[in-house]
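*Asks:* What follows is data.pdb, PDB, C-alpha atoms.
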ATOM      1  CA  MET A1030      -2.268  21.788  27.778
ATOM      2  CA  THR A1031      -2.763  18.409  29.491
ATOM      3  CA  HIS A1032      -0.363  15.448  29.402
ATOM      4  CA  ASP A1033      -2.792  13.672  27.035
ATOM      5  CA  THR A1034      -2.830  16.519  24.525
ATOM      6  CA  LEU A1035      -1.396  15.481  21.177
ATOM      7  CA  LEU A1036      -1.579  18.832  19.416
ATOM      8  CA  GLN A1037      -2.542  22.359  20.384
ATOM      9  CA  VAL A1038      -2.626  25.143  17.808
ATOM     10  CA  ASN A1039      -3.832  28.647  18.614
ATOM     11  CA  ARG A1040      -4.569  31.931  16.871
ATOM     12  CA  ILE A1041      -4.795  30.335  13.436
ATOM     13  CA  ARG A1042      -5.364  32.927  10.729
ATOM     14  CA  LYS A1043      -5.618  32.321   7.000
ATOM     15  CA  SER A1044      -6.830  34.596   4.241
ATOM     16  CA  TYR A1045      -6.904  34.560   0.464
ATOM     17  CA  GLY A1046      -6.645  38.139  -0.656
ATOM     18  CA  LYS A1047      -9.367  40.054   1.190
ATOM     19  CA  ARG A1048     -11.303  36.910   2.088
ATOM     20  CA  VAL A1049     -10.579  35.731   5.635
ATOM     21  CA  ILE A1050     -11.030  31.945   5.983
ATOM     22  CA  LEU A1051      -9.755  31.395   9.532
ATOM     23  CA  GLU A1052      -9.602  34.134  12.171
ATOM     24  CA  ASP A1053      -8.000  33.403  15.571
ATOM     25  CA  ALA A1054      -9.141  29.757  15.461
ATOM     26  CA  ASP A1055      -7.973  27.521  18.323
ATOM     27  CA  LEU A1056      -7.787  23.724  18.355
ATOM     28  CA  GLU A1057      -6.641  21.110  20.868
ATOM     29  CA  LEU A1058      -6.610  17.381  20.116
ATOM     30  CA  GLN A1059      -6.241  14.602  22.673
ATOM     31  CA  THR A1060      -4.358  11.371  22.084
ATOM     32  CA  GLY A1061      -6.576   8.580  20.756
ATOM     33  CA  GLU A1062      -9.774  10.580  20.247
ATOM     34  CA  CYS A1063     -11.861  11.083  17.144
ATOM     35  CA  VAL A1064     -13.041  14.643  16.590
ATOM     36  CA  LEU A1065     -15.693  15.420  13.990
ATOM     37  CA  LEU A1066     -15.298  18.827  12.341
ATOM     38  CA  THR A1067     -18.366  20.166  10.563
ATOM     39  CA  GLY A1068     -19.129  23.296   8.621
ATOM     40  CA  ASP A1069     -20.684  24.484   5.393
ATOM     41  CA  ASN A1070     -18.919  24.073   2.080
ATOM     42  CA  GLY A1071     -16.292  26.807   1.882
ATOM     43  CA  ALA A1072     -16.105  27.237   5.655
ATOM     44  CA  GLY A1073     -12.386  26.382   5.672
ATOM     45  CA  LYS A1074     -12.331  22.743   6.813
ATOM     46  CA  THR A1075      -9.872  21.614   4.146
ATOM     47  CA  THR A1076      -7.679  24.652   4.691
ATOM     48  CA  LEU A1077      -7.527  23.975   8.423
ATOM     49  CA  LEU A1078      -6.584  20.314   7.910
ATOM     50  CA  ARG A1079      -3.827  21.232   5.458
ATOM     51  CA  ILE A1080      -2.417  23.796   7.908
ATOM     52  CA  LEU A1081      -2.375  21.201  10.694
ATOM     53  CA  ALA A1082      -0.648  18.745   8.351
ATOM     54  CA  GLY A1083       2.126  21.220   7.614
ATOM     55  CA  LEU A1084       1.081  21.428   3.957
ATOM     56  CA  GLU A1085      -0.364  24.944   3.748
ATOM     57  CA  ARG A1086       1.174  28.033   5.307
ATOM     58  CA  PRO A1087      -1.176  30.123   7.461
ATOM     59  CA  ASP A1088      -0.891  33.856   7.892
ATOM     60  CA  ARG A1089      -0.359  33.068  11.554
ATOM     61  CA  ALA A1090      -0.537  30.059  13.867
ATOM     62  CA  MET A1091       1.124  29.176  17.169
ATOM     63  CA  VAL A1092       1.884  25.530  17.965
ATOM     64  CA  ASN A1093       2.347  24.345  21.570
ATOM     65  CA  ASP A1094       4.384  21.147  21.949
ATOM     66  CA  GLY A1095       3.855  20.895  25.715
ATOM     67  CA  ARG A1096       7.086  22.680  26.556
ATOM     68  CA  HIS A1097       7.319  25.645  24.238
ATOM     69  CA  THR A1098       5.188  27.617  21.829
ATOM     70  CA  HIS A1099       6.473  27.856  18.279
ATOM     71  CA  SER A1100       5.354  29.587  15.134
ATOM     72  CA  TRP A1101       3.858  27.365  12.430
ATOM     73  CA  ARG A1102       7.025  27.750  10.369
ATOM     74  CA  GLN A1103       9.195  26.573  13.265
ATOM     75  CA  ALA A1104       6.848  23.652  13.996
ATOM     76  CA  ARG A1105       6.250  22.596  10.390
ATOM     77  CA  LYS A1106       8.688  19.664  10.361
ATOM     78  CA  GLU A1107       7.089  18.262  13.504
ATOM     79  CA  LEU A1108       3.597  18.651  12.010
ATOM     80  CA  LEU A1109       4.716  16.757   8.902
ATOM     81  CA  ARG A1110       6.171  13.985  11.063
ATOM     82  CA  LEU A1111       3.149  13.789  13.349
ATOM     83  CA  SER A1112       0.340  13.609  10.824
ATOM     84  CA  VAL A1113      -0.990  12.221   7.568
ATOM     85  CA  TYR A1114      -3.499  14.178   5.501
ATOM     86  CA  LEU A1115      -6.024  12.140   3.513
ATOM     87  CA  HIS A1116      -7.939  14.000   0.822
ATOM     88  CA  GLN A1117     -11.461  12.972  -0.112
ATOM     89  CA  THR A1118     -10.091  11.790  -3.478
ATOM     90  CA  ALA A1119      -7.181   9.621  -2.397
ATOM     91  CA  TYR A1120      -4.037  10.220  -4.442
ATOM     92  CA  MET A1121      -2.439   7.185  -6.065
ATOM     93  CA  PHE A1122       1.100   7.027  -7.395
ATOM     94  CA  ASP A1123       1.986   5.172 -10.589
ATOM     95  CA  GLY A1124       2.486   1.430 -10.183
ATOM     96  CA  SER A1125       0.634  -1.318  -8.368
ATOM     97  CA  VAL A1126      -1.306  -1.121  -5.120
ATOM     98  CA  SER A1127       1.657  -2.751  -3.351
ATOM     99  CA  ASP A1128       3.998  -0.151  -4.860
ATOM    100  CA  ASN A1129       1.768   2.602  -3.503
ATOM    101  CA  LEU A1130       1.822   1.158   0.004
ATOM    102  CA  ALA A1131       5.614   0.923  -0.127
ATOM    103  CA  HIS A1132       5.779   4.737  -0.237
ATOM    104  CA  ALA A1133       4.674   4.799   3.418
ATOM    105  CA  LEU A1134       7.555   2.652   4.672
ATOM    106  CA  PRO A1135      10.713   4.227   6.089
ATOM    107  CA  ARG A1136      13.966   3.940   4.168
ATOM    108  CA  PRO A1137      16.093   1.896   4.339
ATOM    109  CA  LEU A1138      14.136  -1.234   5.205
ATOM    110  CA  GLN A1139      15.027  -4.864   4.583
ATOM    111  CA  ARG A1140      13.174  -6.202   1.548
ATOM    112  CA  ASP A1141      11.688  -9.222   3.353
ATOM    113  CA  HIS A1142      10.437  -7.058   6.214
ATOM    114  CA  SER A1143       9.026  -4.521   3.760
ATOM    115  CA  ARG A1144       7.107  -7.197   1.863
ATOM    116  CA  ARG A1145       5.732  -8.625   5.094
ATOM    117  CA  GLN A1146       4.503  -5.215   6.260
ATOM    118  CA  ILE A1147       2.871  -4.501   2.920
ATOM    119  CA  ARG A1148       1.170  -7.904   2.932
ATOM    120  CA  LEU A1149      -0.242  -7.266   6.401
ATOM    121  CA  ALA A1150      -1.508  -3.829   5.370
ATOM    122  CA  LEU A1151      -3.201  -5.260   2.271
ATOM    123  CA  GLU A1152      -4.921  -7.947   4.333
ATOM    124  CA  TRP A1153      -6.005  -5.413   6.948
ATOM    125  CA  ALA A1154      -7.561  -3.140   4.316
ATOM    126  CA  GLY A1155      -9.139  -6.027   2.389
ATOM    127  CA  LEU A1156      -7.042  -5.285  -0.689
ATOM    128  CA  ASP A1157      -4.875  -8.421  -0.845
ATOM    129  CA  SER A1158      -6.592  -9.618  -4.039
ATOM    130  CA  LEU A1159      -5.691  -6.283  -5.690
ATOM    131  CA  ALA A1160      -2.023  -6.199  -4.655
ATOM    132  CA  LYS A1161      -0.699  -6.282  -8.234
ATOM    133  CA  SER A1162      -3.457  -4.182  -9.804
ATOM    134  CA  PRO A1163      -2.613  -0.694 -11.113
ATOM    135  CA  ALA A1164      -3.403   1.646  -8.227
ATOM    136  CA  LYS A1165      -4.956   4.239 -10.525
ATOM    137  CA  SER A1166      -7.519   1.669 -11.707
ATOM    138  CA  LEU A1167      -9.067   1.334  -8.222
ATOM    139  CA  SER A1168     -12.563   2.541  -7.427
ATOM    140  CA  GLY A1169     -13.054   5.479  -5.074
ATOM    141  CA  GLY A1170     -13.687   3.232  -2.068
ATOM    142  CA  GLU A1171     -10.694   1.039  -2.862
ATOM    143  CA  ARG A1172      -8.476   4.102  -3.232
ATOM    144  CA  GLN A1173      -9.556   5.371   0.176
ATOM    145  CA  ARG A1174      -8.798   1.993   1.756
ATOM    146  CA  ALA A1175      -5.378   2.015   0.084
ATOM    147  CA  ALA A1176      -4.751   5.488   1.490
ATOM    148  CA  LEU A1177      -5.771   4.296   4.964
ATOM    149  CA  ALA A1178      -3.445   1.300   4.578
ATOM    150  CA  ARG A1179      -0.605   3.722   3.777
ATOM    151  CA  ALA A1180      -1.465   5.680   6.916
ATOM    152  CA  TRP A1181      -1.512   2.409   8.892
ATOM    153  CA  LEU A1182       1.964   1.570   7.606
ATOM    154  CA  SER A1183       3.315   5.051   8.360
ATOM    155  CA  GLN A1184       2.195   4.792  12.008
ATOM    156  CA  ALA A1185       1.297   8.498  11.959
ATOM    157  CA  ARG A1186      -0.203   9.506  15.295
ATOM    158  CA  LEU A1187      -2.672  11.985  13.777
ATOM    159  CA  LEU A1188      -4.887  11.270  10.777
ATOM    160  CA  LEU A1189      -6.490  14.299   9.130
ATOM    161  CA  LEU A1190      -9.400  13.065   7.019
ATOM    162  CA  ASP A1191     -11.201  15.307   4.556
ATOM    163  CA  GLU A1192     -14.670  13.972   3.610
ATOM    164  CA  PRO A1193     -13.378  10.367   3.595
ATOM    165  CA  THR A1194     -16.587   8.707   2.335
ATOM    166  CA  THR A1195     -17.690  11.178  -0.333
ATOM    167  CA  ASN A1196     -19.439   9.611  -3.350
ATOM    168  CA  MET A1197     -19.214   6.060  -1.951
ATOM    169  CA  ASP A1198     -21.944   3.465  -2.087
ATOM    170  CA  TYR A1199     -23.148   1.791   1.105
ATOM    171  CA  HIS A1200     -20.700  -1.125   1.010
ATOM    172  CA  ALA A1201     -17.643   1.028   0.289
ATOM    173  CA  ARG A1202     -18.640   3.493   3.007
ATOM    174  CA  GLN A1203     -19.033   0.723   5.577
ATOM    175  CA  ARG A1204     -15.609  -0.737   4.763
ATOM    176  CA  THR A1205     -14.033   2.700   5.168
ATOM    177  CA  LEU A1206     -15.821   3.301   8.477
ATOM    178  CA  GLU A1207     -14.667  -0.087   9.764
ATOM    179  CA  LEU A1208     -11.047   0.815   9.045
ATOM    180  CA  LEU A1209     -11.465   4.152  10.817
ATOM    181  CA  HIS A1210     -12.855   2.359  13.874
ATOM    182  CA  ALA A1211      -9.854   0.022  13.808
ATOM    183  CA  LEU A1212      -7.358   2.893  13.565
ATOM    184  CA  LYS A1213      -8.974   4.664  16.487
ATOM    185  CA  ALA A1214      -8.939   1.438  18.527
ATOM    186  CA  GLU A1215      -5.193   1.195  17.989
ATOM    187  CA  GLY A1216      -4.677   4.659  19.486
ATOM    188  CA  HIS A1217      -4.469   6.957  16.483
ATOM    189  CA  THR A1218      -6.031  10.401  16.821
ATOM    190  CA  LEU A1219      -8.545  11.236  14.082
ATOM    191  CA  LEU A1220      -9.706  14.678  13.003
ATOM    192  CA  LEU A1221     -12.468  14.063  10.490
ATOM    193  CA  ALA A1222     -13.969  16.895   8.436
ATOM    194  CA  SER A1223     -17.412  16.508   6.896
ATOM    195  CA  HIS A1224     -20.390  18.658   5.965
ATOM    196  CA  ASP A1225     -22.562  15.514   6.268
ATOM    197  CA  PRO A1226     -21.646  14.140   9.712
ATOM    198  CA  GLY A1227     -24.370  11.531  10.242
ATOM    199  CA  HIS A1228     -22.241   8.563   9.173
ATOM    200  CA  PHE A1229     -19.472   9.429  11.636
ATOM    201  CA  LEU A1230     -21.349  10.224  14.852
ATOM    202  CA  PRO A1231     -20.886   6.734  16.429
ATOM    203  CA  LEU A1232     -17.133   7.057  15.835
ATOM    204  CA  ALA A1233     -16.719  10.583  17.210
ATOM    205  CA  ASP A1234     -15.901  11.504  20.815
ATOM    206  CA  ARG A1235     -16.845  15.130  20.253
ATOM    207  CA  GLN A1236     -17.918  17.480  17.510
ATOM    208  CA  LEU A1237     -16.603  20.901  16.535
ATOM    209  CA  GLY A1238     -18.146  23.424  14.190
ATOM    210  CA  LEU A1239     -16.239  25.812  11.958
ATOM    211  CA  ARG A1240     -18.225  29.003  11.585
ATOM    212  CA  ALA A1241     -17.126  32.478  10.516
ATOM    213  CA  GLY A1242     -13.478  31.481  10.760
ATOM    214  CA  ARG A1243     -13.637  30.179  14.320
ATOM    215  CA  ILE A1244     -13.865  26.706  15.853
ATOM    216  CA  GLN A1245     -16.651  26.133  18.362
ATOM    217  CA  PRO A1246     -17.666  23.029  20.341
ATOM    218  CA  LEU A1247     -21.041  21.554  19.409
ATOM    219  CA  VAL A1248     -23.349  19.690  21.777
ATOM    220  CA  TRP A1249     -25.342  16.708  20.526
ATOM    221  CA  ASP A1250     -29.078  16.820  21.221
ATOM    222  CA  THR A1251     -28.997  13.018  21.345
ATOM    223  CA  PRO A1252     -25.603  11.434  22.065
ATOM    224  CA  PRO A1253     -24.602   8.884  19.398
ATOM    225  CA  ALA A1254     -24.588   5.219  20.312
ATOM    226  CA  ALA A1255     -21.204   4.101  21.628
ATOM    227  CA  THR A1256     -19.214   1.713  19.492
ATOM    228  CA  ALA A1257     -17.718  -0.799  21.899
ATOM    229  CA  ASP A1258     -15.929  -3.153  19.525
ATOM    230  CA  ILE A1259     -14.042  -3.158  16.278
ATOM    231  CA  PRO A1260     -16.409  -4.411  13.559
ATOM    232  CA  PHE A1261     -16.099  -8.155  13.172
ATOM    233  CA  ASN A1262     -14.655  -8.133   9.652
ATOM    234  CA  VAL A1263     -11.715  -5.843  10.419
ATOM    235  CA  MET A1264      -8.456  -7.589  11.252
ATOM    236  CA  PRO A1265      -7.437  -6.611  14.827
ATOM    237  CA  MET A1266      -4.152  -4.773  15.048
ATOM    238  CA  ARG A1267      -1.463  -6.263  17.214
ATOM    239  CA  ARG A1268       1.489  -3.989  16.506
ATOM    240  CA  LYS A1269       4.117  -2.451  18.694
ATOM    241  CA  LEU A1270       3.893   1.189  17.727
ATOM    242  CA  THR A1271       7.042   3.296  17.786
ATOM    243  CA  TRP A1272       5.518   6.457  19.233
TER
END
Once more with this new file: its structure as structure tokens, please.
*Replies:*
Amino acid sequence: MTHDTLLQVNRIRKSYGKRVILEDADLELQTGECVLLTGDNGAGKTTLLRILAGLERPDRAMVNDGRHTHSWRQARKELLRLSVYLHQTAYMFDGSVSDNLAHALPRPLQRDHSRRQIRLALEWAGLDSLAKSPAKSLSGGERQRAALARAWLSQARLLLLDEPTTNMDYHARQRTLELLHALKAEGHTLLLASHDPGHFLPLADRQLGLRAGRIQPLVWDTPPAATADIPFNVMPMRRKLTW
């Protein structure tokens, strides 16, 4: 485990009855990288992300924090603190878009500071005109941007993204990709699961494949074009992170 390793989990096993989904899978993520995880439908991508997020209990998994190795149960609180899991259909709470973003802020927080943070997040995600709209009335692309704005507010170091552009039109997909580029540029680590990886190759530093319960590195035949800059219509982030 190197000094730049954010998370290392080994010997991950998960089964449902007699069906084994993950079998001795190993994963190491570096700080600030974007890793693209591919695999067929049903390969276990969502299950793996939920285990890493501390949301789903594996049969077995060992988590190395750089000093000690813990069981998943012992490390669960740290996994929950470290990461945010974003489902392909972003969940919205009752209330306005601003109310939904407020769920990501720590408690207690001064009201003026809270409003300022929410306003910045809305502007960053291009949702400022929808601040007072019912969150559950948003389109799929708008919901995903709201979920990314919540992750931005939470300052989670690891974002676990499950098919983040599914069923989006071109414009909505581009806006989502721009926000992902911006989050990576700020230093967040992204693990992005997709069975249709073409849209994400310019964002990814490396690609992993989930096959027969195990994680394997994949080599690109043609390396994707590097993305040097944050897209022009994404507000640059100038925050002092508390990591």
*Asks:* May I have the residues at most 10 Å from (2.6, 5.9, 8.4) in the file's coordinates, counting all atoms listed in the file, as number ranges by chain?
*Replies:* A: 1110-1113, 1130, 1132-1135, 1177-1188
*Asks:* Check which residues satisfy the PyMOL selection byres ((chain A and resi 1197) around 12) in the file shown, then give them as a VMD selection string.
*Replies:* chain A and resid 1117 to 1118 1168 to 1174 1192 to 1196 1198 to 1206 1228
*Asks:* If the PyMOL selection byres ((chain A and resi 1079-1085) around 9) is run on the structure shown, which residues does it catch, given as a PyMOL selection string?
*Replies:* chain A and resi 1038+1041+1074-1078+1086-1087+1090+1101-1102+1104-1114+1187-1189
*Asks:* So which one's closest to Arg1042 of chain A, A:Asp1069, A:Asp1094, A:Asp1055, A:Asp1225? Using only C-alpha atoms, please.
*Replies:* A:Asp1055
*Asks:* Measuring atom to atom with all atoms listed in the file, identify which of A:Leu1230, A:Gln1037, A:Ala1072, A:Ser1044 is nearest to Glu1057 of chain A.
*Replies:*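 For Glu1057 of chain A, the nearest of the given residues is A:Gln1037.
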*Asks:* Do you know which residues are at most 7 Å from segment 1059-1062 of chain A counting all atoms listed in the file, after dropping those on the same chain fewer than 5 positions away, and could you put them as an MDAnalysis selection string?
*Replies:* chainID A and resid 1033:1035 1213 1216:1219 1234
